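Below you'll find the structure, written out as structure tokens, and then a few comments.
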Amino acid sequence: MRTTTRLLIGAAIAGSASSTPLSSRQTIQCAPIPSPFPSYSQLPVQSSLPDPFLPLKYTTLDNAAGSSTFAQDIMAGKGQHRVQSPEEWYKCRQPEIMQLLQEYQYGYYPDHSLEKVEATRSGNTVNVAVTAGGKTGKFKATLSLPTGASASKPAPVVINIGGMQNAPYLSAGIAVVGFDYTSVAADSNSKTGAFWDVYKGRDIGVLTAWAWGFHRTLDALNLTVPEINPNKVGVTGCSRLGKGALAAGLFDTRITVTMPMSSGVQGLGPYRYHGLSGQDETLENSKSGAGWWSNSKLGTFVNHAENLPYDAHTIAAAIAPRALVIDQGTGDAYTDSKGTAIVAYPAAKVVYDWLGAGDKIAMSVRSGGHCDMSGFTSVLPFVQKILLGTPTTKNYNDLGKYGSPMTTAFPWATALPTSKAS
Ligand SMILES: *[C@@H]1O[C@H](CO)[C@@H](O)[C@H](O)[C@H]1NC(C)=O
């Protein structure tokens with residue numbers, strides 16, 4: 001059944017970055033989100049990155065109607081009913097991507113409006129307690145404040161899990177906060193930790209649970225640490241924790257800059273083109289090695305990753321227009337550093353550019369291996385630009401030894417939708 005929503009643009013996108021004048025009063029009708037969501041067998045095999053502008057409804061095989069070139073066509077940006085304007089992206093497609101990522105990968109993020117967050121501070125420790133549905137989960141965060149931070153001059157903050165290079169951030173006037181991610185959700189199938197104390201039984205991935213930990217930490221900082229500015233916030237972590245940091249940036253628009261380090265598959269390593277660096281983290285081995293990172297639905301795409309109607313670039317694009325800086329080391333083949341740099345990043349940047357937010361996405365290709373701490377210094381100038389307004393001359397569109405984007409991986413980018421509104 002088809003349902004349509006009619007809304008005036010001005011009303012529909014209040015608060016977004018749009019500059020479309022209210023006087024252009026055009027109705028935007030969102031494509032209905034398929035319900036139930038299509039299974040892998042109802043979706044075409046797409047060997048290159050799916051077109052981020054094509055609504056899910058027009059991606060399914062029931063649109064093929066005997067066409068033998070349907071998959072080729074949609075990969076090339078020739079699908080029907082692509083979103084036509086940034087207004088339509090923010091009104092329709094970005095929310096649809098959020099839905100489909102939760103359906104196919106992350107599990108459904110809990111309703112924060114039903115939660116009560118309480119926090120107490122003792123020195124540099126903040127104790128966090130979250131209650132919902134009569135259940136409470138507790139964990140701790142630890143503060144490192146830069147010299148001079150005060151309630152009248154609060155510092156921006158980077159919240160991390162698993163540790164980071166604190167000193168250059170503190171020197172730059174940025175607070176560093178860590179929380180004990182294992183006590184939010186164990187990195188295992190045990191379903192233990194504060195998140196599961198509240199939400200046991202839900203089909204949600206541990207990456208989403210960690211993301212929730214970042215957000216509840218931010219709530220607690222806002223309640224108890226006036227020396228921190230809760231409106232200037234970075235999130236980071238490396239490897240599996242980088243996948244978690246990406247989820248943290250995705251699910252909360254309060255996050256100003258998302259900093260996934262060496263994140264790989266289920267992070268910003270593409271499901272397609274996974275072997276470009278010579279080693280091979282894949283949907284299959286990530287799901288069999290640590291199936292708990294995602295929901296169970298992602299498991300139905302094992303051996304069918306090319307049926308996924310999204311890829312890493314879609315996750316990145318859904319964060320726009322907020323800032324994203326991506327770390328990868330050239331010595332890190334397993335997480336497909338090359339694939340992130342020449343496939344996922346430039347494909348996401350096409351969307352950021354199209355939205356007029358091209359200066360908010362950055363690729364940091366550095367030397368060194370997996371989770372090398374130098375990654376944190378490498379992304380710092382971009383983080384300072386976003387959180388402190390400090391200009392930088394560093395070129396974050398430089399793919400280093402990887403050279404230039406693999407444009408054959410995103411052929412739809414040569415046929416970008418143009419706004420009918422203008
Ligand atoms: C901090 O708390 C205040 C008061 O509840 C709220 O209005 C504000 O939105 C919060 N800020 C963030 C960043 O959560």
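Chains: A, B, ... in order of the structure tokens. Residues: from 1 per chain. Ligands: from 1, in order shown.
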Counting only C-alpha atoms and all ligand atoms, which residues in chain A sit no more than 8 Å from ligand 1? For each one, give the nearest pair of atoms and the distance in Å, sorted by chain then residue number, as CSV.
```
residue,atom,partner,partner_atom_place_in_ligand_line,distance
A:Leu218,CA,ligand 1,14 (O),6.7
A:Asp219,CA,ligand 1,14 (O),5.5
A:Asn222,CA,ligand 1,1 (C),5.0
A:Leu223,CA,ligand 1,2 (O),6.5
A:Asn229,CA,ligand 1,13 (C),7.9
A:Pro230,CA,ligand 1,13 (C),4.4
A:Asn231,CA,ligand 1,13 (C),5.0
A:Arg254,CA,ligand 1,13 (C),5.9
```
Mind writing the picked residues with N, CA and C atoms as a PDB file, in the first residue's frame?
```pdb
ATOM      1  N   LEU A 218      27.643  11.457  27.397  1.00  0.00           N
ATOM      2  CA  LEU A 218      27.434  12.876  27.079  1.00  0.00           C
ATOM      3  C   LEU A 218      26.320  13.470  27.947  1.00  0.00           C
ATOM      4  N   ASP A 219      25.248  12.738  28.131  1.00  0.00           N
ATOM      5  CA  ASP A 219      24.177  13.204  29.028  1.00  0.00           C
ATOM      6  C   ASP A 219      24.741  13.493  30.427  1.00  0.00           C
ATOM      7  N   ASN A 222      26.903  16.545  30.621  1.00  0.00           N
ATOM      8  CA  ASN A 222      26.038  17.728  30.598  1.00  0.00           C
ATOM      9  C   ASN A 222      25.441  17.999  31.983  1.00  0.00           C
ATOM     10  N   LEU A 223      25.205  16.941  32.725  1.00  0.00           N
ATOM     11  CA  LEU A 223      24.620  17.098  34.064  1.00  0.00           C
ATOM     12  C   LEU A 223      25.633  17.508  35.118  1.00  0.00           C
ATOM     13  N   ASN A 229      31.984  21.665  27.274  1.00  0.00           N
ATOM     14  CA  ASN A 229      30.929  22.186  26.412  1.00  0.00           C
ATOM     15  C   ASN A 229      30.233  21.002  25.712  1.00  0.00           C
ATOM     16  N   PRO A 230      28.999  20.687  26.097  1.00  0.00           N
ATOM     17  CA  PRO A 230      28.343  19.495  25.541  1.00  0.00           C
ATOM     18  C   PRO A 230      27.831  19.693  24.119  1.00  0.00           C
ATOM     19  N   ASN A 231      28.086  20.879  23.570  1.00  0.00           N
ATOM     20  CA  ASN A 231      27.681  21.139  22.182  1.00  0.00           C
ATOM     21  C   ASN A 231      28.841  21.077  21.205  1.00  0.00           C
ATOM     22  N   ARG A 254      23.787  15.238  18.303  1.00  0.00           N
ATOM     23  CA  ARG A 254      24.596  16.086  19.174  1.00  0.00           C
ATOM     24  C   ARG A 254      26.085  15.873  18.929  1.00  0.00           C
TER      25      ARG A 254
END
```
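Within 6 Å of region 109-126 of chain A, once only C-alpha atoms are used and residues closer than 2 positions along the same chain are dropped, the contacting residues are Val128, Ala129, Val130, Thr131, Ala132, Lys140, Ala141, Thr142, Leu143 and Ala220 of chain A.
Counting only C-alpha atoms, the residue from A:Lys243, A:Lys200, A:Lys91, A:Lys338 that sits nearest to Gln279 (chain A) is A:Lys338.
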Closest atom pairs, residues of region 190-282 of chain A within 10 Å of region 163-175 of chain A, only C-alpha atoms, as JSON lines:
```
{"residue": "A:Glu227", "atom": "CA", "partner": "A:Ala175", "partner_atom": "CA", "distance": 8.9}
{"residue": "A:Ile228", "atom": "CA", "partner": "A:Ala175", "partner_atom": "CA", "distance": 7.2}
{"residue": "A:Asn229", "atom": "CA", "partner": "A:Ala175", "partner_atom": "CA", "distance": 9.3}
{"residue": "A:Lys232", "atom": "CA", "partner": "A:Ile174", "partner_atom": "CA", "distance": 9.6}
{"residue": "A:Val233", "atom": "CA", "partner": "A:Ile174", "partner_atom": "CA", "distance": 9.5}
{"residue": "A:Gly234", "atom": "CA", "partner": "A:Ile174", "partner_atom": "CA", "distance": 9.7}
{"residue": "A:Thr236", "atom": "CA", "partner": "A:Met164", "partner_atom": "CA", "distance": 8.3}
{"residue": "A:Gly237", "atom": "CA", "partner": "A:Gly163", "partner_atom": "CA", "distance": 7.3}
{"residue": "A:Cys238", "atom": "CA", "partner": "A:Met164", "partner_atom": "CA", "distance": 8.6}
{"residue": "A:Leu241", "atom": "CA", "partner": "A:Gly163", "partner_atom": "CA", "distance": 9.8}
```
Produce a file of the selected residues containing C-alpha atoms, as an mmCIF file, in the first residue's frame.
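Once written, selection36.cif looks like this:
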```
data_model
loop_
_atom_site.group_PDB
_atom_site.id
_atom_site.type_symbol
_atom_site.label_atom_id
_atom_site.label_comp_id
_atom_site.auth_asym_id
_atom_site.auth_seq_id
_atom_site.Cartn_x
_atom_site.Cartn_y
_atom_site.Cartn_z
ATOM 1 C CA GLU A 227 33.975 22.638 32.412
ATOM 2 C CA ILE A 228 32.937 20.706 29.287
ATOM 3 C CA ASN A 229 30.929 22.186 26.412
ATOM 4 C CA LYS A 232 31.208 20.538 20.837
ATOM 5 C CA VAL A 233 31.709 16.804 20.936
ATOM 6 C CA GLY A 234 33.899 14.292 19.134
ATOM 7 C CA THR A 236 36.347 8.026 18.659
ATOM 8 C CA GLY A 237 37.682 4.524 19.059
ATOM 9 C CA CYS A 238 39.776 2.141 17.001
ATOM 10 C CA LEU A 241 35.678 0.389 18.829
#
```
Identify, with DSSP run on backbone atoms, the residues in region 282-422 of chain A assigned to alpha helix (DSSP H), and express the list as a PDB file with C-alpha atoms, in the first residue's frame.
```pdb
ATOM      1  CA  LEU A 283      30.853  -9.497   6.245  1.00  0.00           C
ATOM      2  CA  GLU A 284      31.270 -13.259   6.495  1.00  0.00           C
ATOM      3  CA  ASN A 285      34.290 -13.415   8.781  1.00  0.00           C
ATOM      4  CA  SER A 286      33.169 -10.467  10.932  1.00  0.00           C
ATOM      5  CA  LYS A 287      29.780 -12.075  11.394  1.00  0.00           C
ATOM      6  CA  SER A 288      31.241 -15.504  12.231  1.00  0.00           C
ATOM      7  CA  GLY A 289      34.027 -14.092  14.445  1.00  0.00           C
ATOM      8  CA  ALA A 312      29.986   1.933   4.136  1.00  0.00           C
ATOM      9  CA  HIS A 313      29.558   5.103   2.056  1.00  0.00           C
ATOM     10  CA  THR A 314      25.837   5.117   2.876  1.00  0.00           C
ATOM     11  CA  ILE A 315      26.579   5.053   6.607  1.00  0.00           C
ATOM     12  CA  ALA A 316      29.020   7.941   6.206  1.00  0.00           C
ATOM     13  CA  ALA A 317      26.610   9.939   4.042  1.00  0.00           C
ATOM     14  CA  SER A 337      42.582   0.851   4.293  1.00  0.00           C
ATOM     15  CA  LYS A 338      42.733   1.232   0.537  1.00  0.00           C
ATOM     16  CA  GLY A 339      39.054   0.384   0.107  1.00  0.00           C
ATOM     17  CA  TYR A 345      35.355   7.934   1.400  1.00  0.00           C
ATOM     18  CA  PRO A 346      35.107   9.458  -2.092  1.00  0.00           C
ATOM     19  CA  ALA A 347      31.622   7.976  -2.622  1.00  0.00           C
ATOM     20  CA  ALA A 348      30.444   9.514   0.649  1.00  0.00           C
ATOM     21  CA  LYS A 349      32.126  12.789  -0.267  1.00  0.00           C
ATOM     22  CA  VAL A 350      30.044  12.956  -3.444  1.00  0.00           C
ATOM     23  CA  VAL A 351      26.963  13.098  -1.215  1.00  0.00           C
ATOM     24  CA  TYR A 352      28.520  15.600   1.226  1.00  0.00           C
ATOM     25  CA  ASP A 353      29.508  17.816  -1.731  1.00  0.00           C
ATOM     26  CA  TRP A 354      26.029  17.537  -3.242  1.00  0.00           C
ATOM     27  CA  SER A 374      49.722   8.478  15.346  1.00  0.00           C
ATOM     28  CA  GLY A 375      46.263   8.335  13.785  1.00  0.00           C
ATOM     29  CA  PHE A 376      44.994  10.595  16.534  1.00  0.00           C
ATOM     30  CA  THR A 377      47.567  13.308  15.762  1.00  0.00           C
ATOM     31  CA  SER A 378      46.854  12.904  12.084  1.00  0.00           C
ATOM     32  CA  VAL A 379      43.149  13.725  12.470  1.00  0.00           C
ATOM     33  CA  LEU A 380      43.686  16.423  15.136  1.00  0.00           C
ATOM     34  CA  PRO A 381      43.976  19.476  12.821  1.00  0.00           C
ATOM     35  CA  PHE A 382      40.588  18.603  11.311  1.00  0.00           C
ATOM     36  CA  VAL A 383      39.085  18.062  14.774  1.00  0.00           C
ATOM     37  CA  GLN A 384      40.486  21.461  15.867  1.00  0.00           C
ATOM     38  CA  LYS A 385      38.946  23.067  12.788  1.00  0.00           C
ATOM     39  CA  ILE A 386      35.534  21.623  13.634  1.00  0.00           C
ATOM     40  CA  LEU A 387      35.544  21.969  17.424  1.00  0.00           C
ATOM     41  CA  LEU A 388      37.590  25.160  17.827  1.00  0.00           C
TER      42      LEU A 388
END
```
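Pairwise distance (CA of Phe195 (chain A), CA of Val158 (chain A)) equals 21.4 Å.
Atom to atom, CA of Ala362 (chain A) and CA of Asn395 (chain A) stand 8.5 Å apart.
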(request) DSSP on the backbone, then: every residue of region 100-340 of chain A marked strand (DSSP E or B), written as number ranges by chain. (result) A: 116-122, 125-132, 135-144, 150, 153, 155-160, 175-179, 228-238, 257-261, 265, 269, 323-329
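Among A:Ala71, A:Leu100, A:Ala341, A:Val198, the residue with the shortest atom-to-atom distance to Tyr273 (chain A), counting only C-alpha atoms, is A:Ala341.
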(request) Would you list the contacts of Phe410 (chain A) as an NGL selection string, taking every protein, DNA or RNA residue within 8 Å and counting only C-alpha atoms, but skipping same-chain residues closer than 2 positions in sequence? (result) :A and (48-51 or 75-76 or 343 or 347 or 406-408 or 412-413)
Atoms kept (N, CA and C atoms) for selection, written as an mmCIF file, in the first residue's frame:
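New file selection.cif:
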```
data_model
loop_
_atom_site.group_PDB
_atom_site.id
_atom_site.type_symbol
_atom_site.label_atom_id
_atom_site.label_comp_id
_atom_site.auth_asym_id
_atom_site.auth_seq_id
_atom_site.Cartn_x
_atom_site.Cartn_y
_atom_site.Cartn_z
ATOM 1 N N SER A 48 28.869 -3.007 -7.469
ATOM 2 C CA SER A 48 29.481 -1.735 -7.076
ATOM 3 C C SER A 48 28.606 -1.082 -6.002
ATOM 4 N N LEU A 49 29.073 0.025 -5.460
ATOM 5 C CA LEU A 49 28.381 0.637 -4.318
ATOM 6 C C LEU A 49 26.970 1.094 -4.709
ATOM 7 N N PRO A 50 25.961 0.746 -3.917
ATOM 8 C CA PRO A 50 24.599 1.176 -4.242
ATOM 9 C C PRO A 50 24.461 2.703 -4.315
ATOM 10 N N ASP A 51 23.577 3.128 -5.199
ATOM 11 C CA ASP A 51 23.286 4.552 -5.382
ATOM 12 C C ASP A 51 22.636 5.101 -4.108
ATOM 13 N N MET A 75 22.855 0.783 -10.432
ATOM 14 C CA MET A 75 24.225 1.088 -9.999
ATOM 15 C C MET A 75 24.761 2.326 -10.722
ATOM 16 N N ALA A 76 24.287 2.511 -11.970
ATOM 17 C CA ALA A 76 24.764 3.642 -12.786
ATOM 18 C C ALA A 76 23.979 4.929 -12.521
ATOM 19 N N VAL A 343 37.345 4.078 -2.152
ATOM 20 C CA VAL A 343 35.979 3.675 -2.501
ATOM 21 C C VAL A 343 34.962 4.340 -1.554
ATOM 22 N N ALA A 347 33.046 8.138 -2.312
ATOM 23 C CA ALA A 347 31.622 7.976 -2.622
ATOM 24 C C ALA A 347 30.769 8.758 -1.625
ATOM 25 N N MET A 406 38.578 5.337 -6.852
ATOM 26 C CA MET A 406 38.211 4.316 -7.838
ATOM 27 C C MET A 406 36.778 4.627 -8.299
ATOM 28 N N THR A 407 36.678 5.467 -9.304
ATOM 29 C CA THR A 407 35.354 5.979 -9.687
ATOM 30 C C THR A 407 34.435 4.897 -10.264
ATOM 31 N N THR A 408 35.024 3.803 -10.750
ATOM 32 C CA THR A 408 34.177 2.713 -11.266
ATOM 33 C C THR A 408 33.374 2.045 -10.139
ATOM 34 N N TRP A 412 27.171 5.859 -10.268
ATOM 35 C CA TRP A 412 26.048 6.788 -10.114
ATOM 36 C C TRP A 412 26.488 8.223 -9.894
ATOM 37 N N ALA A 413 27.766 8.402 -9.493
ATOM 38 C CA ALA A 413 28.246 9.758 -9.191
ATOM 39 C C ALA A 413 28.414 10.602 -10.441
#
```
(request) With a distance cut-off of 9 Å and only C-alpha atoms, select the neighbouring residues of region 302-304 of chain A, excluding the residue or stretch itself and same-chain residues fewer than 2 positions from it, and output the selection as JSON, numbers by chain. (result) {"A": [40, 41, 45, 283, 284, 287, 298, 299, 300, 306, 307, 308]}
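Distance-wise, CA of Pro55 (chain A) and CA of Thr256 (chain A) end up 26.6 Å apart.
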(message) Residues within 6 Å of Ile159 (chain A), please, as a PyMOL selection string. Count only C-alpha atoms; anything in the same chain fewer than 5 positions from it doesn't count.
(response) chain A and resi 176-178+235
(request) Go through A:Pro146, A:Ile204, A:Thr414, A:Ala65 one by one, measure the shortest atom-to-atom distance of each to Lys297 (chain A) using only C-alpha atoms, and give the residue with the smallest value. (result) A:Ile204
(message) Give me, as a ChimeraX atom specification, all polymer residues having an atom no more than 7 Å from Trp293 (chain A), counting only C-alpha atoms and skipping those fewer than 5 positions away in the same chain.
(response) /A:205-207
